[in-house]
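Okay, structure first, notes after.
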Amino acid sequence: MTKDLTKGRPMPQILSFGVPVLFGYLFQQLYSVVDTAIVGKTLGGAALAAVGSTGSINFLVVGFCCGVCGGFAIPVAQQFGAGDHQELRRYVAGGVWLSAAIGAVMTLATALLCGDILTAMNTPADIYQRSYAYIQTIFVGLPAYVLYNFCAGVLRSLGDSRTPVIWLVAASLVNIVLDVVFILSCGLDVFGAALATVLSQALAGVGCLLRLMRGYPILKMERGDWRWNWGRMGELCLMGLPMGLQYSITAIGSVMMQTAVNGLGTVYVTAVTAASKVSMFLCCPLDAMGCTMATYGGQNVGAAKWERLHQGVRACVKLGAAYSALSMALLLLFANQLIMLFLDVDSAQLLPLARQCLLIQTAFFFLLALVNIFRFLIQGMGFSPLATLAGVLEMAARAGLAFLVPVFGFTVACVSSPVAWLLADAFLVPAYFYCYRRLTQPQAAKRKLAAAVR
């Protein structure tokens with residue numbers, strides 16, 4: 001089930017690898033969508049606001065863990081492209097050690113500081129207890145997220161984009177069942193929604209782990225593979241930590257914007273939550289493009305096939321433009337129906353606010369497509385610290401606009417993401433060409449030297 005992305009026409013290769021990744025993201029979002037839909041429809045707008053008010057801090061913490069694990073998989077993709085299976089196994093073993101350590105530290109820290117975080121975010125008093133119950137459960141379950149994302153990252157680095165999807169489908173079905181049982185039958189309120197998500201994520205993680213242990217002879221570990229090597233660990237951290245920080249830095253801006261929206265009151269929090277859930281689902285194809293380009297870049301850099309990098313960029317940009325236009329057309333027709341999946345009858349008056357937020361963001365999806373394509377490709381090429389700077393620009397944009405929300409109102413919150421994407425693109429596109437030159441200039445110099453010798 002491995003896939004070599006260093007051969008064949010880029011567009012078919014990107015599609016064949018990316019479509020399973022897309023389904024994986026769709027089913028991963030299904031966790032959140034099912035939770036939110038059941039919470040909103042059965043527990044009401046206040047419960048929906050409680051879950052939504054934790055969205056940005058959830059993204060900050062979980063995104064950091066997922067980003068780090070994804071970064072740990074980049075050297076694996078590069079060694080797979082280079083055909084060095086022994087070194088590949090040693091990078092996988094190093095990633096296991098580091099993932100376990102990061103999972104333990106993050107779980108302890110966030111679980112202890114949960115209340116302080118919600119207070120600092122100006123969480124409305126009428127939803128504070130529910131918000132606390134929800135997000136603390138997610139934080140305690142962080143090892144499940146680390147397990148799945150590391151194992152899925154390694155599988156994708158080997159070209160296997162199907163196994164993570166298979167287990168996410170199974171986990172999503174389990175999540176739906178557990179939501180019904182915990183929320184409707186057991187009356188566990190939003191705690192039940194969070195518990196169902198964590199348990200389902202753990203199932204997906206265990207499934208991917210078993211596949212890695214039993215399905216890949218090239219991953220059959222020897223005792224020496226588990227030996228701690230500071231140089232290798234340093235390289236893994238150089239790839240993983242910037243990717244995790246990228247998510248967290250971006251999320252800091254989102255936290256500040258969420259704090260500003262919280263200050264507007266529960267009505268606006270509920271509207272933004274409903275719009276965000278639809279938007280996150282629609283963003284899955286763009287996320288899949290990013291994930292695909294990380295593996296594509298890693299394998300082709302490992303194989304020293306530089307010309308395929310430009311070819312892959314052109315193919316993926318075309319896909320991003322086509323999908324952006326399609327998603328906007330879809331929302332012009334069905335935005336109200338999609339938003340109402342997350343609102344009960346009593347909250348229906350919030351529909352115009354949620355529609356405004358959703359349509360503004362979707363109109364600029366092509367900017368987000370470029371962010372994902374170039375940022376993840378740069379990371380796959382081995383320049384993770386450079387890609388992190390784009391996250392700083394996104395954070396700065398959202399943080400700056402957050403200070404304007406109390407003055408100019410809800411519309412500023414709606415345009416914050418498009419402005420952040422635009423600033424990130426202004427950095428990422430030139431950065432990609434800089435990275436490309438850094439990789440290819442030494443090769444060009446070697447060819448000139450060889451020609452001179454001949």
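In the structure tokens, chains take letters A, B, ... by order of appearance, with residues numbered from 1 within each chain and ligands from 1 in the order shown.
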Polymer residues at most 8 Å from range 50-60 of chain A, only C-alpha atoms, same-chain spacing of 4 or more positions, as JSON, numbers by chain: {"A": [36, 46, 64, 118, 123, 127, 128, 130, 131, 134, 135, 138, 190, 247, 248, 249, 250, 251, 252, 254, 255, 258, 262, 269, 270, 272, 273]}
Restricting the output to N, CA, C and O atoms, write the selected residues as a CSV table (one decimal), in the first residue's frame.
chain,number,residue,atom,x,y,z
A,36,THR,N,-21.3,18.8,17.3
A,36,THR,CA,-21.9,20.2,17.3
A,36,THR,C,-23.4,20.1,16.9
A,36,THR,O,-24.2,20.8,17.5
A,46,ALA,N,-27.1,27.7,23.9
A,46,ALA,CA,-26.1,28.0,24.9
A,46,ALA,C,-25.1,26.9,25.0
A,46,ALA,O,-23.9,27.2,25.1
A,64,PHE,N,-1.2,22.1,17.7
A,64,PHE,CA,0.3,21.9,18.0
A,64,PHE,C,0.7,20.5,18.0
A,64,PHE,O,1.7,20.1,17.4
A,118,LEU,N,-9.7,29.6,30.1
A,118,LEU,CA,-11.0,30.0,29.8
A,118,LEU,C,-11.3,31.4,30.4
A,118,LEU,O,-12.0,32.2,29.8
A,123,THR,N,-14.6,34.1,28.6
A,123,THR,CA,-15.7,33.2,28.3
A,123,THR,C,-16.9,33.7,29.1
A,123,THR,O,-16.8,33.9,30.3
A,127,ILE,N,-22.0,30.3,30.1
A,127,ILE,CA,-21.6,29.0,29.4
A,127,ILE,C,-20.2,28.5,29.9
A,127,ILE,O,-19.7,27.5,29.4
A,128,TYR,N,-19.7,29.1,31.0
A,128,TYR,CA,-18.3,28.8,31.5
A,128,TYR,C,-18.2,27.3,31.9
A,128,TYR,O,-17.3,26.6,31.5
A,130,ARG,N,-20.0,24.7,31.2
A,130,ARG,CA,-20.1,23.7,30.1
A,130,ARG,C,-18.8,23.8,29.2
A,130,ARG,O,-18.3,22.8,28.8
A,131,SER,N,-18.3,25.0,29.0
A,131,SER,CA,-17.0,25.1,28.2
A,131,SER,C,-15.9,24.4,28.9
A,131,SER,O,-15.1,23.7,28.3
A,134,TYR,N,-16.2,20.6,28.6
A,134,TYR,CA,-15.9,20.1,27.2
A,134,TYR,C,-14.4,20.1,26.9
A,134,TYR,O,-13.8,19.1,26.6
A,135,ILE,N,-13.8,21.3,27.1
A,135,ILE,CA,-12.4,21.4,26.7
A,135,ILE,C,-11.4,20.6,27.6
A,135,ILE,O,-10.4,20.1,27.2
A,138,ILE,N,-11.2,17.1,26.3
A,138,ILE,CA,-10.4,17.1,25.1
A,138,ILE,C,-8.9,17.1,25.5
A,138,ILE,O,-8.1,16.3,24.9
A,190,VAL,N,-22.5,18.3,27.3
A,190,VAL,CA,-21.3,18.5,26.4
A,190,VAL,C,-20.1,17.7,26.8
A,190,VAL,O,-19.3,17.3,26.0
A,247,TYR,N,0.9,26.0,13.8
A,247,TYR,CA,-0.5,25.9,14.2
A,247,TYR,C,-0.8,26.7,15.4
A,247,TYR,O,-1.8,27.4,15.5
A,248,SER,N,0.1,26.6,16.4
A,248,SER,CA,-0.2,27.4,17.6
A,248,SER,C,-0.1,28.9,17.5
A,248,SER,O,-0.9,29.6,18.0
A,249,ILE,N,0.9,29.3,16.7
A,249,ILE,CA,1.1,30.7,16.5
A,249,ILE,C,-0.2,31.3,15.7
A,249,ILE,O,-0.7,32.3,16.1
A,250,THR,N,-0.6,30.5,14.7
A,250,THR,CA,-1.8,30.9,14.0
A,250,THR,C,-3.0,30.9,14.9
A,250,THR,O,-3.8,31.8,14.9
A,251,ALA,N,-3.0,29.9,15.8
A,251,ALA,CA,-4.2,29.8,16.7
A,251,ALA,C,-4.2,30.9,17.8
A,251,ALA,O,-5.3,31.3,18.3
A,252,ILE,N,-3.0,31.5,18.1
A,252,ILE,CA,-3.0,32.5,19.1
A,252,ILE,C,-3.8,33.7,18.5
A,252,ILE,O,-4.6,34.3,19.3
A,254,SER,N,-6.2,33.4,16.5
A,254,SER,CA,-7.6,33.0,16.5
A,254,SER,C,-8.2,33.1,18.0
A,254,SER,O,-9.4,33.4,18.2
A,255,VAL,N,-7.3,32.8,18.9
A,255,VAL,CA,-7.8,32.9,20.3
A,255,VAL,C,-8.1,34.4,20.7
A,255,VAL,O,-9.1,34.7,21.3
A,258,GLN,N,-11.3,35.1,19.0
A,258,GLN,CA,-12.4,34.5,19.7
A,258,GLN,C,-12.7,35.2,21.0
A,258,GLN,O,-13.9,35.4,21.4
A,262,ASN,N,-16.2,36.7,22.0
A,262,ASN,CA,-16.8,36.4,23.2
A,262,ASN,C,-17.3,37.7,23.9
A,262,ASN,O,-18.4,37.7,24.6
A,269,VAL,N,-21.2,34.6,19.5
A,269,VAL,CA,-20.5,33.4,19.7
A,269,VAL,C,-21.2,32.2,19.0
A,269,VAL,O,-20.5,31.4,18.2
A,270,THR,N,-22.5,32.1,19.2
A,270,THR,CA,-23.2,31.0,18.5
A,270,THR,C,-23.2,31.1,17.0
A,270,THR,O,-23.1,30.1,16.3
A,272,VAL,N,-21.0,32.6,15.1
A,272,VAL,CA,-19.6,32.3,14.6
A,272,VAL,C,-19.4,30.8,14.6
A,272,VAL,O,-18.8,30.2,13.7
A,273,THR,N,-19.8,30.2,15.7
A,273,THR,CA,-19.6,28.7,15.8
A,273,THR,C,-20.3,28.0,14.7
A,273,THR,O,-19.7,27.1,14.1
Go through range 167-252 of chain A residue by residue and, counting only C-alpha atoms, keep those with an atom at most 9 Å from range 65-80 of chain A; for each kept residue give the shortest atom pair and its distance in Å to one decimal, ordered by chain and increasing number, as CSV.
residue,atom,partner,partner_atom,distance
A:Glu235,CA,A:Pro75,CA,8.2
A:Leu236,CA,A:Phe72,CA,5.4
A:Cys237,CA,A:Phe72,CA,7.3
A:Leu238,CA,A:Gly71,CA,8.4
A:Met239,CA,A:Gly71,CA,4.9
A:Gly240,CA,A:Gly71,CA,3.7
A:Leu241,CA,A:Val68,CA,5.3
A:Pro242,CA,A:Val68,CA,7.5
A:Met243,CA,A:Gly67,CA,4.9
A:Gly244,CA,A:Gly67,CA,4.1
A:Leu245,CA,A:Gly67,CA,7.6
A:Gln246,CA,A:Gly67,CA,7.7
A:Tyr247,CA,A:Gly67,CA,6.6
A:Ser248,CA,A:Gly67,CA,8.9
8 Å contact set for Leu286 in chain A, only C-alpha atoms, chain neighbours under 2 positions out, as a ChimeraX atom specification: /A:283-284,288-290,320,368-369,372
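The residue that comes closest to Arg227 in chain A, out of A:Gly187, A:Gly312, A:Gly94, A:Pro164 and on the basis of only C-alpha atoms, is A:Gly94.
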Using only C-alpha atoms, which residue out of A:Ala196, A:Cys316, A:Leu173, A:Ala47 lies closest to Cys291 in chain A?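 Closest candidate: A:Cys316.
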Using only C-alpha atoms for the distances, tell me which of A:Asn300, A:Thr411, A:Gln13, A:Thr197 is nearest to Val140 in chain A. A:Thr197
Would you please give, as an NGL selection string, all residues of range 216-420 of chain A that DSSP assigns to alpha helix (DSSP H) based on the backbone? :A and (230-264 or 266-282 or 284-302 or 307-339 or 351-362 or 365-380 or 384-402 or 405-408 or 410-420)
Env of Thr295 in chain A: 8 Å cut, atoms = only C-alpha atoms, seq-sep filter 5 positions within chain, self excluded. Answer as a PDB file with N, CA, C and O atoms, in the first residue's frame.
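Wrote it out as out_34.pdb, contents follow:
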ATOM      1  N   ILE A  74       8.049  13.988   8.167  1.00  0.00           N
ATOM      2  CA  ILE A  74       8.708  14.516   6.961  1.00  0.00           C
ATOM      3  C   ILE A  74      10.029  13.805   6.673  1.00  0.00           C
ATOM      4  O   ILE A  74      10.277  13.387   5.530  1.00  0.00           O
ATOM      5  N   ALA A  77       9.325  10.546   5.020  1.00  0.00           N
ATOM      6  CA  ALA A  77       9.011  10.648   3.598  1.00  0.00           C
ATOM      7  C   ALA A  77      10.278  10.849   2.768  1.00  0.00           C
ATOM      8  O   ALA A  77      10.430  10.268   1.687  1.00  0.00           O
ATOM      9  N   ARG A 156       1.212   7.997   5.680  1.00  0.00           N
ATOM     10  CA  ARG A 156       1.156   8.851   4.490  1.00  0.00           C
ATOM     11  C   ARG A 156       2.550   9.080   3.911  1.00  0.00           C
ATOM     12  O   ARG A 156       2.705   9.202   2.692  1.00  0.00           O
ATOM     13  N   SER A 157       3.552   9.162   4.766  1.00  0.00           N
ATOM     14  CA  SER A 157       4.918   9.332   4.271  1.00  0.00           C
ATOM     15  C   SER A 157       5.345   8.149   3.414  1.00  0.00           C
ATOM     16  O   SER A 157       6.155   8.294   2.500  1.00  0.00           O
ATOM     17  N   GLY A 159       3.329   6.691   1.514  1.00  0.00           N
ATOM     18  CA  GLY A 159       2.421   6.688   0.365  1.00  0.00           C
ATOM     19  C   GLY A 159       1.095   6.017   0.628  1.00  0.00           C
ATOM     20  O   GLY A 159       0.267   5.911  -0.281  1.00  0.00           O
ATOM     21  N   LEU A 377       4.236  22.372   1.226  1.00  0.00           N
ATOM     22  CA  LEU A 377       5.298  21.977   0.312  1.00  0.00           C
ATOM     23  C   LEU A 377       6.656  22.435   0.841  1.00  0.00           C
ATOM     24  O   LEU A 377       7.636  21.678   0.797  1.00  0.00           O
ATOM     25  N   GLY A 380       7.619  20.058   3.498  1.00  0.00           N
ATOM     26  CA  GLY A 380       8.064  18.792   2.928  1.00  0.00           C
ATOM     27  C   GLY A 380       9.443  18.884   2.307  1.00  0.00           C
ATOM     28  O   GLY A 380      10.189  17.901   2.279  1.00  0.00           O
TER      29      GLY A 380
END
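Reported to one decimal place, the separation of CA of Pro124 in chain A from CA of Leu264 in chain A is 9.6 Å.
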Quick one, how far is CA of Pro143 in chain A from CA of Ile166 in chain A? 20.3 Å
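The protein and nucleic acid residues lying at most 9 Å from Leu389 in chain A are A:Gln246, A:Pro385, A:Leu386, A:Ala387, A:Gly391, A:Val392, A:Leu393, A:Glu394, A:Ala424, A:Phe427, A:Leu428, with only C-alpha atoms considered and sequence neighbours fewer than 2 positions away removed.
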